[in-house]
>>> print(open('structure00.txt').read())   # compact mmCIF, C-alpha atoms and all ligand atoms
# COMPACT_ATOMS: atom_id res chain seq x y z
CA MET A 749 17.96 -12.94 11.13
CA ALA A 750 17.86 -16.73 10.87
CA GLU A 751 17.37 -18.23 7.44
CA PRO A 752 13.79 -19.14 6.53
CA ALA A 753 12.68 -22.78 6.30
CA GLY A 754 14.86 -24.62 3.82
CA GLY A 755 17.84 -22.26 4.33
CA ALA A 756 21.19 -23.10 5.95
CA ALA A 757 20.45 -22.07 9.54
CA PRO A 758 17.73 -23.83 11.53
CA VAL A 759 14.66 -21.67 12.02
CA LYS A 760 14.44 -20.66 15.66
CA VAL A 761 11.42 -19.10 17.35
CA ALA A 762 11.67 -17.71 20.89
CA VAL A 763 8.61 -17.50 23.13
CA VAL A 764 8.66 -15.22 26.17
CA GLY A 765 5.99 -16.29 28.65
CA ALA A 766 5.23 -20.00 28.93
CA GLY A 767 1.71 -19.72 30.33
CA ASN A 768 -1.54 -20.65 28.59
CA VAL A 769 -0.91 -18.60 25.46
CA GLY A 770 2.85 -19.21 25.19
CA ALA A 771 2.64 -22.98 25.73
CA THR A 772 -0.37 -23.39 23.42
CA TYR A 773 1.38 -21.38 20.73
CA ALA A 774 4.52 -23.52 21.15
CA TYR A 775 2.41 -26.67 20.81
CA ALA A 776 0.63 -25.40 17.70
CA LEU A 777 3.95 -24.29 16.25
CA LEU A 778 5.44 -27.72 16.95
CA LEU A 779 2.52 -29.39 15.15
CA SER A 780 2.94 -27.00 12.20
CA GLY A 781 6.52 -28.16 11.60
CA LEU A 782 7.53 -24.58 10.73
CA ALA A 783 10.32 -24.22 13.29
CA ALA A 784 13.41 -26.35 13.92
CA GLU A 785 14.00 -24.85 17.36
CA ILE A 786 11.61 -23.40 19.94
CA VAL A 787 12.97 -21.80 23.10
CA LEU A 788 10.66 -20.98 26.01
CA ILE A 789 11.59 -18.17 28.39
CA ASN A 790 9.58 -17.65 31.54
CA ARG A 791 10.00 -15.80 34.83
CA ASN A 792 9.38 -19.13 36.55
CA ARG A 793 12.01 -21.24 34.79
CA ASP A 794 10.75 -24.52 36.25
CA HIS A 795 7.44 -23.96 34.55
CA ALA A 796 9.13 -23.35 31.19
CA GLU A 797 11.23 -26.49 31.72
CA GLY A 798 8.11 -28.55 32.42
CA GLU A 799 6.43 -27.24 29.26
CA ALA A 800 9.58 -27.85 27.18
CA MET A 801 9.83 -31.43 28.46
CA ASP A 802 6.15 -32.12 27.77
CA LEU A 803 6.42 -30.62 24.25
CA THR A 804 9.59 -32.61 23.57
CA HIS A 805 7.63 -35.78 24.29
CA ALA A 806 5.22 -34.78 21.49
CA ALA A 807 8.01 -34.16 18.97
CA PRO A 808 8.40 -37.84 17.94
CA PHE A 809 4.85 -37.61 16.58
CA THR A 810 5.45 -34.40 14.68
CA GLY A 811 8.96 -33.79 13.39
CA PRO A 812 12.49 -33.12 14.54
CA THR A 813 12.03 -29.93 16.56
CA ARG A 814 14.32 -29.04 19.48
CA ILE A 815 12.45 -27.41 22.35
CA TRP A 816 14.09 -26.13 25.51
CA ALA A 817 13.74 -23.66 28.37
CA GLY A 818 16.26 -20.87 28.11
CA GLY A 819 17.24 -17.33 28.97
CA TYR A 820 17.19 -14.11 26.98
CA ASP A 821 20.57 -14.93 25.42
CA ASP A 822 18.76 -17.80 23.67
CA CYS A 823 16.77 -15.24 21.66
CA ALA A 824 19.94 -14.71 19.61
CA GLY A 825 19.33 -15.71 16.00
CA ALA A 826 15.58 -16.23 16.42
CA ALA A 827 13.63 -15.22 13.32
CA LEU A 828 10.76 -14.26 15.56
CA THR A 829 10.35 -13.65 19.29
CA VAL A 830 6.78 -13.99 20.48
CA LEU A 831 5.88 -12.01 23.59
CA THR A 832 3.14 -13.68 25.65
CA ALA A 833 4.31 -12.83 29.18
CA GLY A 834 2.07 -11.04 31.57
CA ALA A 835 -0.78 -11.17 33.94
CA PRO A 836 -3.67 -13.36 32.78
CA GLN A 837 -6.70 -11.36 31.78
CA GLY A 838 -9.18 -13.49 33.73
CA ASP A 839 -12.60 -11.88 33.88
CA SER A 840 -11.22 -8.34 34.06
CA ASP A 841 -13.67 -5.81 32.60
CA SER A 842 -11.31 -4.43 30.02
CA ARG A 843 -7.96 -5.39 28.53
CA LEU A 844 -6.90 -1.80 29.13
CA ASP A 845 -6.88 -2.52 32.90
CA LEU A 846 -3.70 -4.45 32.24
CA VAL A 847 -1.76 -1.47 30.84
CA GLU A 848 0.21 -0.72 33.96
CA ARG A 849 0.98 -4.29 35.04
CA ASN A 850 1.98 -5.62 31.65
CA GLY A 851 3.62 -2.34 30.62
CA ALA A 852 6.03 -2.76 33.55
CA ILE A 853 6.71 -6.41 32.63
CA PHE A 854 7.43 -5.44 29.03
CA ALA A 855 9.79 -2.65 30.10
CA GLU A 856 11.95 -5.45 31.64
CA ILE A 857 11.63 -7.92 28.78
CA VAL A 858 11.97 -5.93 25.57
CA PRO A 859 15.45 -4.43 26.14
CA GLU A 860 16.74 -7.92 26.99
CA VAL A 861 15.30 -9.49 23.85
CA VAL A 862 16.61 -6.75 21.57
CA ARG A 863 20.06 -6.75 23.17
CA HIS A 864 20.46 -10.42 22.28
CA ASN A 865 18.55 -10.31 19.00
CA PRO A 866 18.70 -6.94 17.28
CA ASP A 867 17.80 -8.37 13.85
CA GLY A 868 14.67 -10.47 14.47
CA LEU A 869 10.99 -9.67 14.44
CA LEU A 870 8.88 -9.18 17.56
CA LEU A 871 5.34 -10.52 17.73
CA VAL A 872 3.24 -9.24 20.63
CA ALA A 873 0.29 -11.19 22.06
CA SER A 874 0.02 -9.94 25.65
CA ASN A 875 -2.80 -7.56 26.44
CA PRO A 876 -3.66 -4.85 25.94
CA VAL A 877 -2.01 -5.94 22.72
CA ASP A 878 -2.25 -2.66 20.79
CA VAL A 879 -0.86 -0.58 23.66
CA LEU A 880 1.96 -3.07 24.22
CA THR A 881 2.73 -3.21 20.49
CA TYR A 882 3.23 0.54 20.58
CA ALA A 883 5.34 0.23 23.76
CA VAL A 884 7.50 -2.49 22.17
CA TRP A 885 8.06 -0.32 19.10
CA LYS A 886 9.18 2.58 21.31
CA GLN A 887 11.26 0.48 23.73
CA SER A 888 12.95 -1.62 21.05
CA GLY A 889 13.98 1.16 18.66
CA LEU A 890 13.12 -1.26 15.84
CA PRO A 891 11.49 -0.09 12.61
CA ARG A 892 7.71 -0.34 12.78
CA SER A 893 7.79 -3.12 10.17
CA ARG A 894 9.51 -5.46 12.64
CA VAL A 895 6.99 -5.10 15.47
CA ILE A 896 3.73 -6.96 14.90
CA GLY A 897 0.82 -7.22 17.32
CA SER A 898 -1.63 -10.11 17.00
CA GLY A 899 -4.32 -7.41 17.25
CA THR A 900 -7.64 -8.29 15.68
CA ILE A 901 -6.45 -11.41 13.86
CA LEU A 902 -8.39 -13.20 16.63
CA ASP A 903 -11.48 -10.94 16.44
CA THR A 904 -11.47 -11.34 12.67
CA ALA A 905 -11.40 -15.12 13.10
CA ARG A 906 -14.25 -14.92 15.63
CA LEU A 907 -16.30 -12.72 13.30
CA ARG A 908 -15.75 -15.09 10.37
CA ALA A 909 -16.62 -18.10 12.53
CA LEU A 910 -19.88 -16.50 13.74
CA LEU A 911 -20.81 -15.17 10.32
CA GLY A 912 -20.06 -18.55 8.75
CA GLN A 913 -22.43 -20.19 11.26
CA HIS A 914 -25.08 -17.56 10.59
CA VAL A 915 -25.05 -17.94 6.81
CA GLY A 916 -24.37 -21.69 6.93
CA VAL A 917 -21.03 -21.82 5.10
CA ASP A 918 -17.43 -22.66 5.95
CA PRO A 919 -15.85 -19.55 7.57
CA GLN A 920 -13.07 -19.77 4.98
CA ALA A 921 -15.63 -18.68 2.38
CA VAL A 922 -16.47 -15.63 4.51
CA GLU A 923 -14.56 -12.44 3.80
CA ALA A 924 -14.89 -10.10 6.78
CA ARG A 925 -12.52 -8.08 8.95
CA VAL A 926 -12.38 -6.45 12.33
CA ILE A 927 -10.05 -3.45 12.48
CA GLY A 928 -9.01 -1.03 15.23
CA GLU A 929 -8.54 -2.05 18.86
CA HIS A 930 -8.40 -5.67 20.02
CA GLY A 931 -11.03 -4.68 22.53
CA ASP A 932 -14.27 -2.87 23.03
CA SER A 933 -13.81 -0.13 20.39
CA GLN A 934 -13.07 -2.59 17.57
CA VAL A 935 -14.74 -1.99 14.20
CA PRO A 936 -16.26 -4.76 12.06
CA VAL A 937 -16.02 -3.68 8.43
CA TRP A 938 -19.51 -4.70 7.30
CA SER A 939 -19.43 -2.56 4.16
CA LEU A 940 -16.79 -4.88 2.63
CA ALA A 941 -18.04 -8.22 4.03
CA ALA A 942 -18.73 -10.94 1.47
CA VAL A 943 -19.63 -14.62 1.18
CA ALA A 944 -17.97 -16.50 -1.68
CA GLY A 945 -17.08 -13.10 -3.14
CA ILE A 946 -20.72 -11.95 -3.06
CA PRO A 947 -21.38 -8.79 -0.99
CA LEU A 948 -23.00 -9.88 2.29
CA THR A 949 -26.32 -8.06 1.81
CA VAL A 950 -26.63 -9.33 -1.79
CA PHE A 951 -25.98 -12.85 -0.51
CA GLY A 952 -28.57 -12.32 2.24
CA ASN A 953 -31.22 -11.06 -0.18
CA ALA A 954 -30.60 -13.97 -2.56
CA THR A 955 -30.70 -16.67 0.13
CA GLY A 956 -33.14 -15.26 2.68
CA VAL A 957 -30.48 -15.10 5.39
CA ALA A 958 -31.00 -12.02 7.62
CA THR A 959 -28.36 -9.32 7.15
CA ASP A 960 -30.27 -6.36 8.61
CA ALA A 961 -28.49 -3.93 10.93
CA ALA A 962 -29.84 -5.52 14.16
CA THR A 963 -28.69 -9.01 13.12
CA LEU A 964 -25.23 -7.78 12.18
CA GLU A 965 -24.93 -5.81 15.42
CA GLU A 966 -25.76 -8.97 17.38
CA ILE A 967 -22.95 -10.83 15.55
CA ALA A 968 -20.58 -7.88 16.14
CA SER A 969 -21.50 -7.86 19.83
CA GLN A 970 -20.83 -11.59 20.20
CA THR A 971 -17.47 -11.07 18.47
CA ARG A 972 -16.56 -8.17 20.75
CA LYS A 973 -17.56 -10.08 23.90
CA ALA A 974 -16.12 -13.45 22.87
CA GLY A 975 -12.96 -13.18 25.00
CA PRO A 976 -14.77 -12.48 28.29
CA ALA A 977 -17.45 -15.05 27.37
CA VAL A 978 -14.78 -17.76 27.11
CA ALA A 979 -12.85 -16.51 30.14
CA GLU A 980 -15.90 -16.55 32.42
CA ARG A 981 -16.43 -20.21 31.55
CA LYS A 982 -12.86 -21.59 31.51
CA GLY A 983 -10.72 -18.82 33.00
CA ALA A 984 -8.70 -17.82 29.94
CA THR A 985 -8.61 -17.97 26.14
CA TYR A 986 -5.67 -19.42 24.28
CA TYR A 987 -6.48 -21.76 21.36
CA GLY A 988 -7.76 -19.03 19.04
CA VAL A 989 -4.93 -16.62 19.70
CA ALA A 990 -2.34 -19.41 19.46
CA ALA A 991 -3.66 -20.41 16.04
CA GLY A 992 -3.58 -16.76 14.97
CA LEU A 993 0.02 -16.42 16.17
CA VAL A 994 1.02 -19.52 14.19
CA ARG A 995 -0.70 -18.06 11.13
CA ILE A 996 1.40 -14.87 11.48
CA THR A 997 4.53 -16.98 12.08
CA GLU A 998 3.82 -18.97 8.93
CA ALA A 999 3.37 -15.79 6.88
CA VAL A 1000 6.75 -14.54 8.12
CA LEU A 1001 8.76 -17.75 7.83
CA ARG A 1002 7.38 -18.58 4.39
CA ASP A 1003 7.65 -14.97 3.21
CA GLU A 1004 4.04 -15.23 2.09
CA HIS A 1005 3.07 -11.57 1.64
CA ALA A 1006 -0.15 -12.70 3.28
CA VAL A 1007 -2.78 -10.06 4.04
CA LEU A 1008 -3.52 -10.38 7.76
CA THR A 1009 -5.38 -8.05 10.09
CA VAL A 1010 -2.70 -7.36 12.67
CA SER A 1011 -1.67 -4.50 14.91
CA THR A 1012 0.95 -2.08 13.61
CA VAL A 1013 2.11 1.43 14.45
CA VAL A 1014 0.26 3.32 11.72
CA ASP A 1015 1.50 6.35 9.89
CA GLY A 1016 -1.39 8.17 8.24
CA TYR A 1017 -3.89 5.31 7.91
CA GLN A 1018 -7.37 6.90 7.60
CA GLY A 1019 -5.74 10.01 9.04
CA VAL A 1020 -4.46 8.14 12.12
CA ASP A 1021 -0.83 8.40 13.25
CA ASP A 1022 1.41 7.33 16.11
CA VAL A 1023 -0.75 4.61 17.62
CA ALA A 1024 -0.75 0.83 17.13
CA LEU A 1025 -3.99 -0.77 16.02
CA SER A 1026 -5.13 -3.35 13.51
CA VAL A 1027 -5.52 -2.81 9.79
CA PRO A 1028 -4.97 -5.27 6.93
CA CYS A 1029 -1.20 -5.67 6.54
CA VAL A 1030 0.96 -7.48 3.99
CA VAL A 1031 3.13 -9.81 6.11
CA GLY A 1032 6.31 -11.53 4.96
CA ARG A 1033 9.87 -12.30 6.02
CA SER A 1034 10.70 -8.67 6.75
CA GLY A 1035 7.58 -8.27 8.87
CA ILE A 1036 4.88 -5.78 7.94
CA GLU A 1037 5.68 -4.81 4.38
CA ARG A 1038 2.80 -2.35 3.98
CA THR A 1039 -0.76 -1.68 5.02
CA VAL A 1040 -3.73 -2.12 2.70
CA ALA A 1041 -6.05 0.90 2.51
CA LEU A 1042 -9.72 -0.05 2.88
CA PRO A 1043 -12.48 2.05 1.29
CA LEU A 1044 -14.41 2.31 4.58
CA SER A 1045 -17.86 3.84 4.90
CA ASP A 1046 -17.96 7.22 6.66
CA ALA A 1047 -19.35 5.59 9.82
CA GLU A 1048 -16.63 2.90 9.82
CA ALA A 1049 -13.89 5.49 9.28
CA ALA A 1050 -15.24 7.58 12.18
CA ALA A 1051 -15.41 4.48 14.42
CA PHE A 1052 -11.83 3.58 13.45
CA ARG A 1053 -10.64 7.05 14.45
CA ARG A 1054 -12.53 6.78 17.76
CA SER A 1055 -10.81 3.44 18.39
CA ALA A 1056 -7.44 5.14 17.79
CA ASP A 1057 -8.41 7.83 20.32
CA VAL A 1058 -9.23 5.17 22.94
CA LEU A 1059 -5.83 3.56 22.39
CA ARG A 1060 -3.95 6.85 22.41
CA GLU A 1061 -5.41 7.59 25.82
CA ALA A 1062 -4.38 4.13 27.08
CA ILE A 1063 -0.84 4.64 25.76
CA GLY A 1064 -0.70 7.67 28.03
CA GLN A 1065 -1.11 5.31 31.02
CA LEU A 1066 1.99 3.28 30.15
CA PRO A 1067 4.62 3.49 32.87
CA SER A 1068 7.57 3.95 30.52
CA VAL A 1069 6.57 5.52 27.18
P1 LIG A 1101 -0.57 -16.94 31.99
O1 LIG A 1101 -0.62 -16.32 33.35
O2 LIG A 1101 -1.02 -18.34 31.81
O3 LIG A 1101 0.94 -16.84 31.44
C1 LIG A 1101 1.73 -15.69 31.55
C2 LIG A 1101 3.15 -16.17 31.79
O4 LIG A 1101 4.01 -15.03 31.76
C3 LIG A 1101 3.31 -16.84 33.17
O5 LIG A 1101 3.87 -18.14 32.97
C4 LIG A 1101 4.30 -15.93 33.90
O6 LIG A 1101 5.19 -16.63 34.73
C5 LIG A 1101 5.03 -15.27 32.72
N1 LIG A 1101 5.68 -14.02 33.09
C6 LIG A 1101 5.20 -13.01 33.84
N2 LIG A 1101 6.11 -12.04 33.92
C7 LIG A 1101 7.19 -12.43 33.21
C8 LIG A 1101 8.45 -11.86 32.91
N3 LIG A 1101 8.80 -10.66 33.38
N4 LIG A 1101 9.30 -12.55 32.14
C9 LIG A 1101 8.96 -13.76 31.65
N5 LIG A 1101 7.78 -14.36 31.89
C10 LIG A 1101 6.91 -13.70 32.66
O7 LIG A 1101 -1.37 -15.95 31.02
P2 LIG A 1101 -1.94 -16.32 29.57
O8 LIG A 1101 -3.33 -16.82 29.69
O9 LIG A 1101 -0.92 -17.13 28.85
O10 LIG A 1101 -2.02 -14.88 28.92
C11 LIG A 1101 -0.81 -14.19 28.58
C12 LIG A 1101 -1.14 -12.84 27.96
O11 LIG A 1101 -1.80 -13.03 26.72
C13 LIG A 1101 -2.10 -12.00 28.82
O12 LIG A 1101 -1.68 -10.65 28.73
C14 LIG A 1101 -3.43 -12.18 28.13
O13 LIG A 1101 -4.30 -11.11 28.36
C15 LIG A 1101 -2.96 -12.23 26.69
N6 LIG A 1101 -3.91 -12.79 25.71
C16 LIG A 1101 -3.93 -12.17 24.51
C17 LIG A 1101 -4.81 -12.59 23.55
C18 LIG A 1101 -4.81 -11.87 22.21
O14 LIG A 1101 -5.68 -12.09 21.38
N7 LIG A 1101 -3.87 -11.00 21.98
C19 LIG A 1101 -5.66 -13.67 23.79
C20 LIG A 1101 -5.60 -14.30 25.02
C21 LIG A 1101 -4.71 -13.85 25.99
>>> encode(input="structure00.txt", output="C-alpha cells")
Amino acid sequence: MAEPAGGAAPVKVAVVGAGNVGATYAYALLLSGLAAEIVLINRNRDHAEGEAMDLTHAAPFTGPTRIWAGGYDDCAGAALTVLTAGAPQGDSDSRLDLVERNGAIFAEIVPEVVRHNPDGLLLVASNPVDVLTYAVWKQSGLPRSRVIGSGTILDTARLRALLGQHVGVDPQAVEARVIGEHGDSQVPVWSLAAVAGIPLTVFGNATGVATDAATLEEIASQTRKAGPAVAERKGATYYGVAAGLVRITEAVLRDEHAVLTVSTVVDGYQGVDDVALSVPCVVGRSGIERTVALPLSDAEAAAFRRSADVLREAIGQLPSV
C-alpha cells in the first residue's frame, strides 16, 4: 500500500466511475489536500478526461495534486480505490432494483482493480451499497477489513442534520446513528441519541423540544426518504455522499481510528453473520479495525436483524455471488 500522507511515496487515490458521485468526490478530495494523486477511471474515457482536466484547473487554488484519467493499471499503488461506477439511481423506487445491473458492472471492475492493486483498500459507494460491498468482498478475496462500504455514513449525516435543525443546535453536537441497510430497512438508534452528551429525551424534557415517538418517527422517515426526495428534485444526490467518502478517506489516510458508521461484512454482530451492513466501525490505515458493539434496545436489535434479512435476500439476486 502507498505510504500515508507525509511518507515517502505520494498518496494516490483511484476513483472508478467519473459520474456525479465520482467527480464530486474527486473535487472534494482535491479541496481536502489529502491526496497527491487522483486517477479517474471511467467506461467512457473521454468523460473521465474532461473531469480530470477541469479538476486540474482547480488545483492551482488548492495544492499540488496530480489528476488524470487512466486505466485499471493506474490503480497500482493506490492506498484506496473508490468504486462509484454504475447506473444512476434516478427516481427508482428502491436501491435494491439496481442489484442486477450494478452487480454485473462490479463483476467486471473488481477483478481488474485487485489484479493491479492487491494491497490497497476498496471503498464502495455504488448502490445498493451494502449488497455491492458484500459482492466486492467475495469477488476480491480481500480480508473483510479492507472492503468498506459508505453505507449509512450518509443516512447518519442526514439524521444528525435533521435532528440538529429540530433541536436548534449544530449537528456536530448531535450524537445519533443510523445502522443497518443504506435503504428502507435502516435503523435509527434513538435509544443512544444525545445532544451535547445529554440523552435526547432528557434534553427534550429540559428544553421543551418534542422528542415523543411520533416526532422522532417523522425525523426518521425524512432521513429514510432523503435520497429519493433529492433525486426527484435534481435527478441525483452526490454532495452528501462525496463528503462522507472524503471523511472515510481521511480516516484511512491519517490512520485516525475514527468511529464511523460504515458498511462491513459482519461476523456475529447482534447475532448477524455473512452480510454487509452498517455498524459503528473503527477506521484507520488498515481499513476496518473492529466494530463497536452498541447496547441496542430489543426493538432496535430486532429491526437490525430484519434489515440483515432484507439484505441477505438481495444478495441472493446478485448475478455472480
Ligand atoms: P452517474 O451515472 O453520474 O455515474 C456513473 C458512472 O459510472 C458513469 O460515468 C459511467 O460511465 C460509469 N460506469 C458505468 N459502468 C462502468 C464500468 N464498467 N467501468 C467504469 N465506469 C463505469 O451516476 P452517479 O450519480 O455518479 O451514481 C453512481 C452510483 O452511486 C450509483 O450506483 C448511485 O446509486 C450511487 N450513489 C450512492 C450513494 C451512497 O450513499 N452510497 C449516494 C448517491 C449515489
>>> residues_near_ligand(input="structure00.txt", ligand="ligand LIG 1101 (chain A)", cutoff="9 Å", atoms="all atoms listed in the file", output="JSON, numbers by chain")
{"A": [764, 765, 766, 767, 768, 769, 770, 771, 772, 789, 790, 791, 792, 793, 795, 796, 831, 832, 833, 834, 835, 836, 837, 838, 843, 846, 850, 852, 853, 854, 855, 856, 857, 872, 873, 874, 875, 876, 877, 878, 897, 898, 899, 900, 901, 902, 903, 930, 975, 983, 984, 985, 986, 987, 988, 989, 990, 992, 993]}
>>> residues_around(input="structure00.txt", residues="A:Ala1047", least_positions_apart="6", cutoff="12 Å", atoms="all atoms listed in the file", output="VMD selection string")
chain A and resid 935 to 939 1053 to 1054
>>> residues_around(input="structure00.txt", residues="stretch 780-787 of chain A", least_positions_apart="5", cutoff="6 Å", atoms="only C-alpha atoms", output="list in words")
Pro758, Val759, Lys760, Val761, Ala762, Thr813, Arg814, Ile815, Trp816 and Ala817 of chain A
>>> closest_residue(input="structure00.txt", among="A:Val858, A:Ala909, A:Ala979, A:Ala1062", to="A:Val884", atoms="all atoms listed in the file")
A:Val858
>>> atom_distance(input="structure00.txt", atom1="atom CA of A:Leu788", atom2="atom CA of A:Tyr773")
10.7 Å
>>> residues_around(input="structure00.txt", residues="A:Arg892", least_positions_apart="4", cutoff="10 Å", atoms="all atoms listed in the file", output="list in words")
Thr881, Tyr882, Val884, Trp885, Lys886, Ser888, Ile896, Thr1012, Val1013, Val1014, Asp1015, Ala1024, Gly1035, Ile1036 and Glu1037 of chain A
>>> write_last_selection(input="structure00.txt", atoms="C-alpha atoms", output="short mmCIF file (atom, residue, chain, number, x, y, z; two decimals), in the coordinates of the input")
data_model
loop_
_atom_site.label_atom_id
_atom_site.label_comp_id
_atom_site.auth_asym_id
_atom_site.auth_seq_id
_atom_site.Cartn_x
_atom_site.Cartn_y
_atom_site.Cartn_z
CA THR A 881 2.73 -3.21 20.49
CA TYR A 882 3.23 0.54 20.58
CA VAL A 884 7.50 -2.49 22.17
CA TRP A 885 8.06 -0.32 19.10
CA LYS A 886 9.18 2.58 21.31
CA SER A 888 12.95 -1.62 21.05
CA ILE A 896 3.73 -6.96 14.90
CA THR A 1012 0.95 -2.08 13.61
CA VAL A 1013 2.11 1.43 14.45
CA VAL A 1014 0.26 3.32 11.72
CA ASP A 1015 1.50 6.35 9.89
CA ALA A 1024 -0.75 0.83 17.13
CA GLY A 1035 7.58 -8.27 8.87
CA ILE A 1036 4.88 -5.78 7.94
CA GLU A 1037 5.68 -4.81 4.38
#
>>> atom_distance(input="structure00.txt", atom1="atom CA of A:Val1031", atom2="atom CA of A:Val994")
12.8 Å
>>> atom_distance(input="structure00.txt", atom1="atom CA of A:Leu871", atom2="atom CA of A:Val1010")
10.0 Å
>>> closest_residue(input="structure00.txt", among="A:Arg894, A:Thr804, A:Val1020, A:Val1027", to="A:Ala774", atoms="all atoms listed in the file")
A:Thr804
>>> closest_residue(input="structure00.txt", among="A:Ala1056, A:Leu1025, A:Ala806, A:Ala800", to="A:Gly818", atoms="only C-alpha atoms")
A:Ala800
>>> axis_aligned_box(input="structure00.txt", around="stretch 812-826 of chain A", padding_each_side="8 Å", output="lines of an AutoDock Vina configuration file")
center_x = 16.3
center_y = -23.6
center_z = 21.8
size_x = 24.5
size_y = 35.0
size_z = 30.4
